[in-house]
$ cat coords.txt   # compact mmCIF, C-alpha atoms and all ligand atoms
# COMPACT_ATOMS: atom_id res chain seq x y z
CA MET A 1 12.94 6.76 17.49
CA LYS A 2 9.71 4.87 17.70
CA THR A 3 9.21 1.82 15.52
CA LEU A 4 6.23 -0.29 14.64
CA PRO A 5 6.32 -2.90 11.88
CA SER A 6 6.43 -0.78 8.69
CA VAL A 7 6.65 2.63 10.42
CA SER A 8 9.81 4.25 11.84
CA LEU A 9 9.45 7.69 13.29
CA ILE A 10 12.57 9.67 14.15
CA ALA A 11 12.12 12.09 17.02
CA GLN A 12 15.14 13.53 18.80
CA SER A 13 13.99 17.11 19.35
CA GLU A 14 12.04 18.15 22.41
CA SER A 15 9.03 19.18 20.29
CA MET A 16 8.87 15.88 18.37
CA ARG A 17 9.42 13.86 21.52
CA SER A 18 6.41 15.52 23.06
CA VAL A 19 4.37 14.68 19.94
CA LEU A 20 5.60 11.09 20.26
CA ALA A 21 4.80 10.96 23.97
CA ARG A 22 1.16 11.67 23.19
CA LEU A 23 0.90 9.24 20.29
CA ASP A 24 0.17 6.03 22.20
CA THR A 25 -2.60 7.63 24.24
CA VAL A 26 -4.06 9.23 21.13
CA ALA A 27 -3.83 5.93 19.23
CA ALA A 28 -5.54 3.98 22.00
CA SER A 29 -8.46 6.40 22.11
CA ASP A 30 -10.88 6.30 19.23
CA SER A 31 -11.02 10.09 18.90
CA SER A 32 -10.78 12.04 15.66
CA VAL A 33 -7.30 13.46 15.17
CA LEU A 34 -6.42 16.57 13.17
CA LEU A 35 -2.74 16.73 12.12
CA ILE A 36 -1.55 20.26 11.38
CA GLY A 37 1.75 21.04 9.69
CA GLU A 38 3.56 22.28 6.59
CA THR A 39 4.17 20.06 3.60
CA GLY A 40 6.57 17.17 4.23
CA VAL A 41 6.66 17.32 8.04
CA GLY A 42 5.41 13.74 8.40
CA LYS A 43 1.63 14.02 8.77
CA GLU A 44 0.91 10.92 6.70
CA LEU A 45 3.57 8.93 8.54
CA ILE A 46 2.07 9.93 11.89
CA ALA A 47 -1.45 9.11 10.70
CA GLU A 48 -0.23 5.65 9.76
CA PHE A 49 1.52 5.32 13.09
CA ILE A 50 -1.70 6.20 14.96
CA HIS A 51 -3.59 3.51 13.06
CA ARG A 52 -0.86 0.88 13.51
CA ALA A 53 -0.66 1.56 17.26
CA SER A 54 -4.44 1.49 17.71
CA PRO A 55 -6.76 -1.46 18.44
CA ARG A 56 -7.95 -1.09 14.83
CA GLN A 57 -4.45 -2.04 13.62
CA PRO A 58 -5.30 -5.39 11.94
CA ARG A 59 -8.10 -3.77 9.98
CA PRO A 60 -7.97 -1.45 6.93
CA PHE A 61 -6.11 1.86 6.82
CA VAL A 62 -7.42 3.87 3.88
CA LYS A 63 -5.58 7.04 2.77
CA VAL A 64 -7.43 9.61 0.72
CA GLY A 65 -5.57 12.50 -0.95
CA LEU A 66 -8.45 14.95 -1.22
CA SER A 67 -6.59 17.49 -3.36
CA ALA A 68 -5.86 14.79 -5.97
CA LEU A 69 -9.54 13.84 -6.41
CA PRO A 70 -11.61 15.87 -8.89
CA PRO A 71 -14.51 17.47 -6.96
CA GLU A 72 -17.14 15.93 -9.23
CA LEU A 73 -15.90 12.42 -8.37
CA LEU A 74 -15.38 13.04 -4.68
CA GLU A 75 -18.81 12.15 -3.41
CA SER A 76 -19.01 8.80 -5.18
CA GLU A 77 -15.37 7.98 -4.31
CA LEU A 78 -15.98 8.62 -0.62
CA PHE A 79 -19.50 7.29 -0.23
CA GLY A 80 -19.95 4.92 -3.20
CA HIS A 81 -22.71 4.81 -5.78
CA GLU A 82 -25.48 2.57 -7.07
CA ARG A 83 -25.61 1.24 -10.56
CA GLY A 84 -27.20 3.83 -12.83
CA ALA A 85 -26.54 6.78 -10.50
CA TYR A 86 -24.56 8.31 -13.37
CA THR A 87 -24.46 7.42 -17.03
CA SER A 88 -20.97 6.02 -16.41
CA ALA A 89 -22.00 4.01 -13.30
CA ALA A 90 -22.45 0.58 -14.84
CA THR A 91 -22.14 -1.28 -11.54
CA ASP A 92 -22.54 -0.59 -7.84
CA LYS A 93 -19.39 0.77 -6.31
CA LYS A 94 -18.29 0.81 -2.70
CA GLY A 95 -16.96 4.08 -1.34
CA LEU A 96 -13.72 4.62 0.56
CA PHE A 97 -15.58 4.96 3.88
CA GLU A 98 -17.04 1.48 3.36
CA LEU A 99 -13.62 0.08 2.42
CA ALA A 100 -12.21 1.54 5.64
CA SER A 101 -15.01 0.12 7.77
CA THR A 102 -13.86 -1.23 11.16
CA GLY A 103 -10.46 0.41 10.43
CA SER A 104 -9.29 4.01 10.01
CA ILE A 105 -9.65 6.54 7.22
CA PHE A 106 -7.04 9.27 6.64
CA LEU A 107 -8.36 12.34 4.83
CA ASP A 108 -5.30 14.31 3.69
CA ASP A 109 -5.62 18.00 2.69
CA ILE A 110 -8.98 18.37 4.46
CA ASP A 111 -8.57 22.15 3.91
CA ASP A 112 -9.33 21.43 0.23
CA PHE A 113 -12.65 19.71 1.04
CA PRO A 114 -15.36 21.40 -1.06
CA LEU A 115 -17.84 23.48 0.92
CA ALA A 116 -20.74 21.90 -1.01
CA LEU A 117 -19.92 18.45 0.38
CA GLN A 118 -19.03 19.44 3.93
CA ALA A 119 -22.58 19.10 5.30
CA LYS A 120 -22.73 15.58 3.90
CA LEU A 121 -19.40 14.61 5.45
CA LEU A 122 -20.54 15.98 8.80
CA ARG A 123 -23.77 13.98 8.55
CA VAL A 124 -21.81 10.79 7.88
CA LEU A 125 -19.51 11.41 10.85
CA GLU A 126 -22.40 12.20 13.18
CA SER A 127 -24.77 9.43 12.13
CA ARG A 128 -22.09 6.81 11.41
CA GLU A 129 -24.03 5.89 8.29
CA ILE A 130 -23.36 6.49 4.64
CA MET A 131 -25.69 6.63 1.69
CA HIS A 132 -24.53 5.65 -1.80
CA VAL A 133 -25.03 8.25 -4.50
CA GLY A 134 -28.34 7.21 -6.06
CA GLY A 135 -29.03 4.90 -3.11
CA THR A 136 -31.98 4.75 -0.76
CA HIS A 137 -30.69 2.67 2.16
CA PRO A 138 -28.31 3.95 4.80
CA ILE A 139 -25.31 1.68 5.43
CA PRO A 140 -23.78 1.66 8.91
CA ILE A 141 -20.03 2.31 9.04
CA ASP A 142 -17.53 2.17 11.86
CA VAL A 143 -14.36 4.13 11.07
CA ARG A 144 -11.82 6.12 13.00
CA LEU A 145 -11.17 9.49 11.39
CA ILE A 146 -7.72 11.04 10.97
CA THR A 147 -7.40 14.27 8.96
CA ALA A 148 -4.50 16.50 7.97
CA THR A 149 -4.20 20.14 6.99
CA LYS A 150 -1.37 22.42 5.87
CA ILE A 151 -3.18 25.59 6.86
CA ASP A 152 -4.95 26.75 9.99
CA LEU A 153 -8.57 25.66 9.46
CA LYS A 154 -9.79 28.40 11.81
CA THR A 155 -8.88 31.04 9.21
CA LEU A 156 -10.93 29.08 6.64
CA VAL A 157 -13.85 29.02 9.09
CA GLU A 158 -13.54 32.79 9.53
CA ARG A 159 -13.52 33.24 5.75
CA GLY A 160 -16.68 31.16 5.46
CA ILE A 161 -15.17 28.39 3.34
CA PHE A 162 -15.01 25.74 6.05
CA ARG A 163 -18.04 24.87 8.19
CA SER A 164 -17.43 25.51 11.87
CA ASP A 165 -19.52 22.48 12.93
CA LEU A 166 -17.35 20.20 10.77
CA TYR A 167 -14.22 21.89 12.13
CA TYR A 168 -15.21 21.07 15.73
CA ARG A 169 -16.14 17.52 14.74
CA ILE A 170 -12.73 16.71 13.21
CA ASN A 171 -10.64 18.76 15.65
CA VAL A 172 -11.19 16.63 18.76
CA VAL A 173 -7.46 15.94 19.16
CA PRO A 174 -5.32 18.52 17.30
CA MET A 175 -1.62 17.66 16.86
CA VAL A 176 0.78 20.26 15.51
CA ILE A 177 3.85 18.87 13.74
CA PRO A 178 6.52 21.60 13.70
CA PRO A 179 8.55 22.40 10.57
CA LEU A 180 12.03 20.87 10.41
CA ARG A 181 13.77 24.28 10.71
CA ASP A 182 12.24 24.60 14.20
CA ARG A 183 13.63 21.23 15.35
CA ARG A 184 17.10 21.00 13.91
CA GLU A 185 18.16 18.31 16.41
CA ASP A 186 16.15 15.88 14.28
CA ILE A 187 18.35 16.51 11.22
CA PRO A 188 21.37 14.28 12.13
CA PRO A 189 19.27 11.23 13.14
CA LEU A 190 17.10 11.70 10.03
CA VAL A 191 20.22 11.84 7.86
CA ASP A 192 21.40 8.57 9.46
CA HIS A 193 17.98 7.02 8.99
CA PHE A 194 17.85 7.85 5.26
CA LEU A 195 21.50 6.81 4.75
CA LYS A 196 20.66 3.39 6.16
CA ARG A 197 17.55 3.19 4.02
CA TYR A 198 19.19 4.15 0.73
CA ILE A 199 22.54 2.41 1.01
CA ALA A 200 22.22 -1.27 1.50
CA ASP A 201 25.81 -2.43 1.35
CA ARG A 202 28.13 0.58 1.15
CA ASP A 203 29.60 2.59 3.97
CA ILE A 204 28.96 6.31 3.42
CA ARG A 205 29.62 9.08 5.92
CA VAL A 206 28.58 12.71 5.93
CA SER A 207 31.45 15.16 6.40
CA GLN A 208 31.27 17.65 9.24
CA ASP A 209 30.93 20.76 7.06
CA ALA A 210 28.22 19.07 4.93
CA MET A 211 26.30 18.32 8.13
CA GLN A 212 26.82 21.93 9.26
CA SER A 213 25.26 23.21 6.02
CA MET A 214 22.33 20.84 6.41
CA LEU A 215 21.85 22.08 9.97
CA THR A 216 21.63 25.75 8.91
CA TYR A 217 19.50 25.31 5.79
CA SER A 218 15.81 26.26 6.13
CA TRP A 219 14.27 23.08 4.56
CA PRO A 220 11.08 24.60 3.09
CA GLY A 221 10.08 21.08 1.96
CA ASN A 222 10.81 19.69 5.43
CA VAL A 223 11.57 15.97 5.94
CA ARG A 224 10.48 15.06 2.41
CA GLU A 225 13.06 17.48 0.98
CA LEU A 226 15.76 16.00 3.25
CA ARG A 227 14.77 12.49 2.21
CA ASN A 228 14.97 13.38 -1.50
CA VAL A 229 18.34 15.10 -1.10
CA MET A 230 19.76 12.04 0.71
CA GLN A 231 18.36 9.69 -1.91
CA ARG A 232 19.99 11.72 -4.70
CA MET A 233 23.33 12.12 -2.94
CA VAL A 234 23.89 8.48 -2.03
CA LEU A 235 23.55 7.63 -5.72
CA PHE A 236 26.76 9.48 -6.56
CA ALA A 237 28.58 9.47 -3.24
CA ASN A 238 31.81 7.65 -2.88
CA GLY A 239 32.68 6.99 0.75
CA GLU A 240 31.87 10.49 1.98
CA ILE A 241 29.24 13.11 1.27
CA ARG A 242 31.10 16.44 1.21
CA LYS A 243 29.77 19.97 1.36
CA ALA A 244 30.60 20.40 -2.35
CA ASP A 245 28.25 17.47 -3.16
CA LEU A 246 25.24 19.24 -1.63
CA PRO A 247 22.71 21.07 -3.82
CA PRO A 248 23.62 24.79 -4.11
CA GLU A 249 20.71 26.08 -2.03
CA ILE A 250 21.89 23.98 0.93
CA ARG A 251 25.61 24.69 0.45
CA GLU A 252 24.90 28.43 0.64
CA ASP A 253 25.68 29.10 4.27
CA ASN A 254 22.47 30.91 4.88
CA PRO A 255 20.06 32.74 2.62
CA LEU A 256 20.56 36.08 4.35
CA ALA A 257 24.35 35.80 4.05
CA ALA A 258 23.92 35.25 0.31
CA VAL A 259 21.76 38.38 0.07
CA VAL A 260 24.30 40.44 1.99
CA LYS A 261 27.07 39.17 -0.30
CA GLU A 262 25.11 40.22 -3.41
CA CYS A 263 24.27 43.63 -1.94
CA ALA A 264 27.89 44.26 -1.00
CA ARG A 265 28.66 43.91 -4.68
CA CYS A 266 26.03 46.37 -5.94
CA MET A 267 26.56 48.83 -3.10
CA GLY A 268 30.26 49.07 -3.83
CA GLU A 269 29.66 52.38 -5.59
CA GLU A 270 29.67 55.50 -3.50
CA ASN A 271 26.94 58.15 -3.66
CA MET A 272 24.06 55.68 -4.00
CA THR A 273 20.72 57.27 -3.35
CA PHE A 274 18.37 55.94 -0.69
CA ASP A 275 16.09 54.56 -3.43
CA GLN A 276 18.96 52.75 -5.11
CA VAL A 277 20.00 51.06 -1.86
CA VAL A 278 16.43 49.93 -1.17
CA ALA A 279 16.08 48.68 -4.75
CA CYS A 280 19.29 46.66 -4.49
CA LEU A 281 18.16 45.06 -1.24
CA GLU A 282 14.73 44.27 -2.65
CA VAL A 283 16.07 42.74 -5.84
CA ASN A 284 18.50 40.48 -3.99
CA LEU A 285 15.98 39.42 -1.34
CA ILE A 286 13.48 38.50 -4.06
CA ARG A 287 16.06 36.69 -6.21
CA GLN A 288 17.28 34.66 -3.25
CA ALA A 289 13.75 33.69 -2.18
CA LEU A 290 12.80 32.73 -5.75
CA LYS A 291 15.85 30.49 -5.88
CA GLN A 292 14.99 28.93 -2.53
CA PHE A 293 11.45 28.10 -3.68
CA ASP A 294 12.35 26.93 -7.18
CA GLY A 295 10.72 29.94 -8.80
CA ASN A 296 7.36 29.30 -7.10
CA ARG A 297 5.85 32.80 -6.77
CA THR A 298 3.14 31.88 -4.24
CA GLN A 299 5.67 30.39 -1.81
CA THR A 300 8.15 33.20 -2.45
CA ALA A 301 5.53 35.87 -1.70
CA LYS A 302 4.48 34.06 1.47
CA HIS A 303 8.08 33.70 2.63
CA LEU A 304 8.76 37.41 2.08
CA GLY A 305 5.48 38.45 3.70
CA LEU A 306 4.24 40.08 0.46
CA SER A 307 0.96 39.64 -1.33
CA LEU A 308 1.22 37.83 -4.64
CA SER A 309 0.24 40.99 -6.52
CA THR A 310 2.90 43.07 -4.74
CA LEU A 311 5.51 40.45 -5.65
CA ARG A 312 4.34 40.51 -9.28
CA ASP A 313 4.60 44.31 -9.37
CA LYS A 314 8.13 44.17 -8.00
CA LEU A 315 9.20 41.45 -10.45
CA LYS A 316 7.96 43.68 -13.25
CA LYS A 317 9.44 46.88 -11.83
CA TYR A 318 12.92 45.34 -11.45
CA ASP A 319 12.59 43.11 -14.51
CA ILE A 320 13.38 39.92 -12.57
CA GLN A 321 12.85 36.70 -14.51
N1 LIG A 401 9.92 11.77 11.90
C1 LIG A 401 10.18 11.09 10.78
N2 LIG A 401 10.94 10.00 10.78
C2 LIG A 401 11.20 9.32 9.64
N3 LIG A 401 10.72 9.66 8.44
C3 LIG A 401 9.93 10.75 8.35
C4 LIG A 401 9.62 11.52 9.52
N4 LIG A 401 8.80 12.54 9.14
C5 LIG A 401 8.62 12.41 7.82
N5 LIG A 401 9.29 11.34 7.33
C6 LIG A 401 9.34 10.92 5.91
O1 LIG A 401 9.30 12.10 5.11
C7 LIG A 401 8.46 11.94 3.96
C8 LIG A 401 7.34 12.94 3.97
O2 LIG A 401 6.45 12.68 5.06
P1 LIG A 401 4.86 12.67 4.89
O3 LIG A 401 4.45 12.19 3.54
O4 LIG A 401 4.29 11.97 6.06
O5 LIG A 401 4.60 14.26 4.99
P2 LIG A 401 3.21 15.06 4.97
O6 LIG A 401 3.24 15.97 6.15
O7 LIG A 401 2.08 14.12 4.84
O8 LIG A 401 3.39 15.94 3.65
P3 LIG A 401 2.24 16.59 2.69
O9 LIG A 401 1.61 17.69 3.48
O10 LIG A 401 3.03 17.15 1.54
O11 LIG A 401 1.30 15.51 2.31
C9 LIG A 401 7.98 10.49 4.02
O12 LIG A 401 8.85 9.70 3.26
C10 LIG A 401 8.10 10.13 5.49
O13 LIG A 401 8.27 8.76 5.66
MG MG A 402 0.69 13.92 3.27

$ encode --input "coords.txt" --output "structure tokens" --more "lines below"
Ligand SMILES: Nc1ncnc2c1ncn2[C@@H]1O[C@H](COP(=O)(O)OP(=O)(O)OP(=O)(O)O)[C@@H](O)[C@H]1O
Ligand SMILES: [Mg+2]
Amino acid sequence: MKTLPSVSLIAQSESMRSVLARLDTVAASDSSVLLIGETGVGKELIAEFIHRASPRQPRPFVKVGLSALPPELLESELFGHERGAYTSAATDKKGLFELASTGSIFLDDIDDFPLALQAKLLRVLESREIMHVGGTHPIPIDVRLITATKIDLKTLVERGIFRSDLYYRINVVPMVIPPLRDRREDIPPLVDHFLKRYIADRDIRVSQDAMQSMLTYSWPGNVRELRNVMQRMVLFANGEIRKADLPPEIREDNPLAAVVKECARCMGEENMTFDQVVACLEVNLIRQALKQFDGNRTQTAKHLGLSLSTLRDKLKKYDIQ
């Protein structure tokens, strides 16, 4: 574990330890960092860590959730505006880049950054100056840039929705944060960490079979999902968290085992045709994946390696709700 005031980062696995080993060097440099990883793997925590471990530490750290900002407000939020630039702009307003000046700015979900504004962002990064919307004077800024993406930006560049020059500008130091299912050694120390955080005065242990289930579960929501599960369970736990206390999707030994169990039931009949066997397998695979992703069709399709339209067709064909 690596701790700075206000940031504790658990890293037991080989892959996270190698991320951690690079962090101090990365923090000390002033280079732009691109954090790449699925939802909930800890990108924001690592961005904060980089700022806190850097010489810019006493100065501002500004986080910007790009997907939460409406595109029409983005430019003035980031770069500020002058009074009268819009009908609603009654006063001058500083942008987030100005507020971060001399510190660091963290642009989360950079993959959502609108193409129309990308040239402007690149210009700001290259010239180290911003211009308010409706303004005429450039304002010098000095910020360290940290960005995060859930998807491989190269594919967006290939599809023409992310500028390659901007991609090279933000991708000076790429850091890949692996999903939790690929670094299961981190699960026990993370469980301990969240137990300590959420129980102030009680002594709660996790039973061995509950830990075993947590170790085999796939954690599609990564560390955030683990954190939320721990937070919920300590509320009701009395002395020990048992396997029976875990949410059903985690208790299920493994998703494939659940599918096999279901199929064994429907394939009990003899003389099933080839098509009936395939249908049974498909139905159970889809049901299980839908359950795992809380009914989210986009994530289910991705997990099964199907296009969204193929999944829709199958849901209709088999009448799956
Ligand atoms: N290695 C870790 N040690 C301790 N806590 C962690 C670790 N990784 C993640 N967390 C915690 O898990 C939660 C989710 O992490 P974070 O918000 O950084 O994920 P993210 O990758 O930014 O997710 P998203 O892509 O959805 O924005 C936070 O509460 C964070 O503190
Ligand atoms: Mg985040």

$ closest_residue --input "coords.txt" --among "A:Leu34, A:Leu78, A:Leu226, A:Ala53" --to "ligand LIG 401 (chain A)" --atoms "only C-alpha atoms and all ligand atoms"
A:Leu226

$ residues_near_ligand --input "coords.txt" --ligand "ligand LIG 401 (chain A)" --cutoff "10 Å" --atoms "only C-alpha atoms and all ligand atoms" --output "MDAnalysis selection string"
chainID A and resid 1:3 7:12 16:17 20 35:48 65 67 108:109 148:151 177:180 186:187 189:191 193:194 221:228

$ closest_residue --input "coords.txt" --among "A:Val172, A:Ala100, A:Leu122, A:Val283" --to "Pro58 of chain A" --atoms "only C-alpha atoms"
A:Ala100

$ residues_near_point --input "coords.txt" --point "(28.2, 11.9, 4.4)" --cutoff "8 Å" --atoms "all atoms listed in the file" --output "VMD selection string"
chain A and resid 204 to 207 210 to 211 239 to 242

$ closest_residue --input "coords.txt" --among "A:Ile170, A:Leu23, A:Leu4, A:Ile146" --to "ligand MG 402 (chain A)" --atoms "all atoms listed in the file"
A:Ile146

$ atom_distance --input "coords.txt" --atom1 "atom CA of Val143 of chain A" --atom2 "atom CA of Leu115 of chain A"
22.1 Å

$ residues_around --input "coords.txt" --residues "Asn284 of chain A" --least-positions-apart "2" --cutoff "7 Å" --atoms "only C-alpha atoms" --output "list in words"
Val259, Glu262, Cys263, Cys280, Leu281, Glu282, Ile286, Arg287 and Gln288 of chain A

$ closest_atom_pairs --input "coords.txt" --of "segment 169-250 of chain A" --to "segment 152-157 of chain A" --cutoff "12 Å" --atoms "only C-alpha atoms" --output "JSON lines"
{"residue": "A:Ile170", "atom": "CA", "partner": "A:Leu153", "partner_atom": "CA", "distance": 10.6}
{"residue": "A:Asn171", "atom": "CA", "partner": "A:Leu153", "partner_atom": "CA", "distance": 9.5}
{"residue": "A:Pro174", "atom": "CA", "partner": "A:Asp152", "partner_atom": "CA", "distance": 11.0}
{"residue": "A:Met175", "atom": "CA", "partner": "A:Asp152", "partner_atom": "CA", "distance": 11.9}
{"residue": "A:Val176", "atom": "CA", "partner": "A:Asp152", "partner_atom": "CA", "distance": 10.3}

$ residues_around --input "coords.txt" --residues "Leu235 of chain A" --least-positions-apart "5" --cutoff "9 Å" --atoms "all atoms listed in the file" --output "PDB file with C-alpha atoms, in the coordinates of the input"
ATOM      1  CA  TYR A 198      19.190   4.150   0.730  1.00  0.00           C
ATOM      2  CA  ILE A 199      22.540   2.410   1.010  1.00  0.00           C
ATOM      3  CA  MET A 230      19.760  12.040   0.710  1.00  0.00           C
TER       4      MET A 230
END

$ atom_distance --input "coords.txt" --atom1 "atom CA of Leu195 of chain A" --atom2 "atom CA of Met233 of chain A"
9.5 Å

$ atom_distance --input "coords.txt" --atom1 "atom CA of Thr298 of chain A" --atom2 "atom CA of Val33 of chain A"
28.7 Å

$ closest_residue --input "coords.txt" --among "A:Gln118, A:Val277, A:Arg251, A:Val62" --to "Gly95 of chain A" --atoms "only C-alpha atoms"
A:Val62

$ residues_near_point --input "coords.txt" --point "(15.9, 26.6, -0.8)" --cutoff "6 Å" --atoms "all atoms listed in the file" --output "tab-separated table (two decimals) with C-alpha atoms, in the coordinates of the input"
chain	number	residue	atom	x	y	z
A	249	GLU	CA	20.71	26.08	-2.03
A	292	GLN	CA	14.99	28.93	-2.53
A	293	PHE	CA	11.45	28.10	-3.68

$ residues_around --input "coords.txt" --residues "Leu304 of chain A" --least-positions-apart "5" --cutoff "9 Å" --atoms "all atoms listed in the file" --output "PyMOL selection string"
chain A and resi 285-286+289+299+311

$ closest_residue --input "coords.txt" --among "A:Lys317, A:His137, A:Lys291, A:Arg22" --to "Pro220 of chain A" --atoms "all atoms listed in the file"
A:Lys291

$ closest_residue --input "coords.txt" --among "A:Asp245, A:Ile110, A:Asp192, A:Ala119" --to "ligand MG 402 (chain A)" --atoms "only C-alpha atoms and all ligand atoms"
A:Ile110
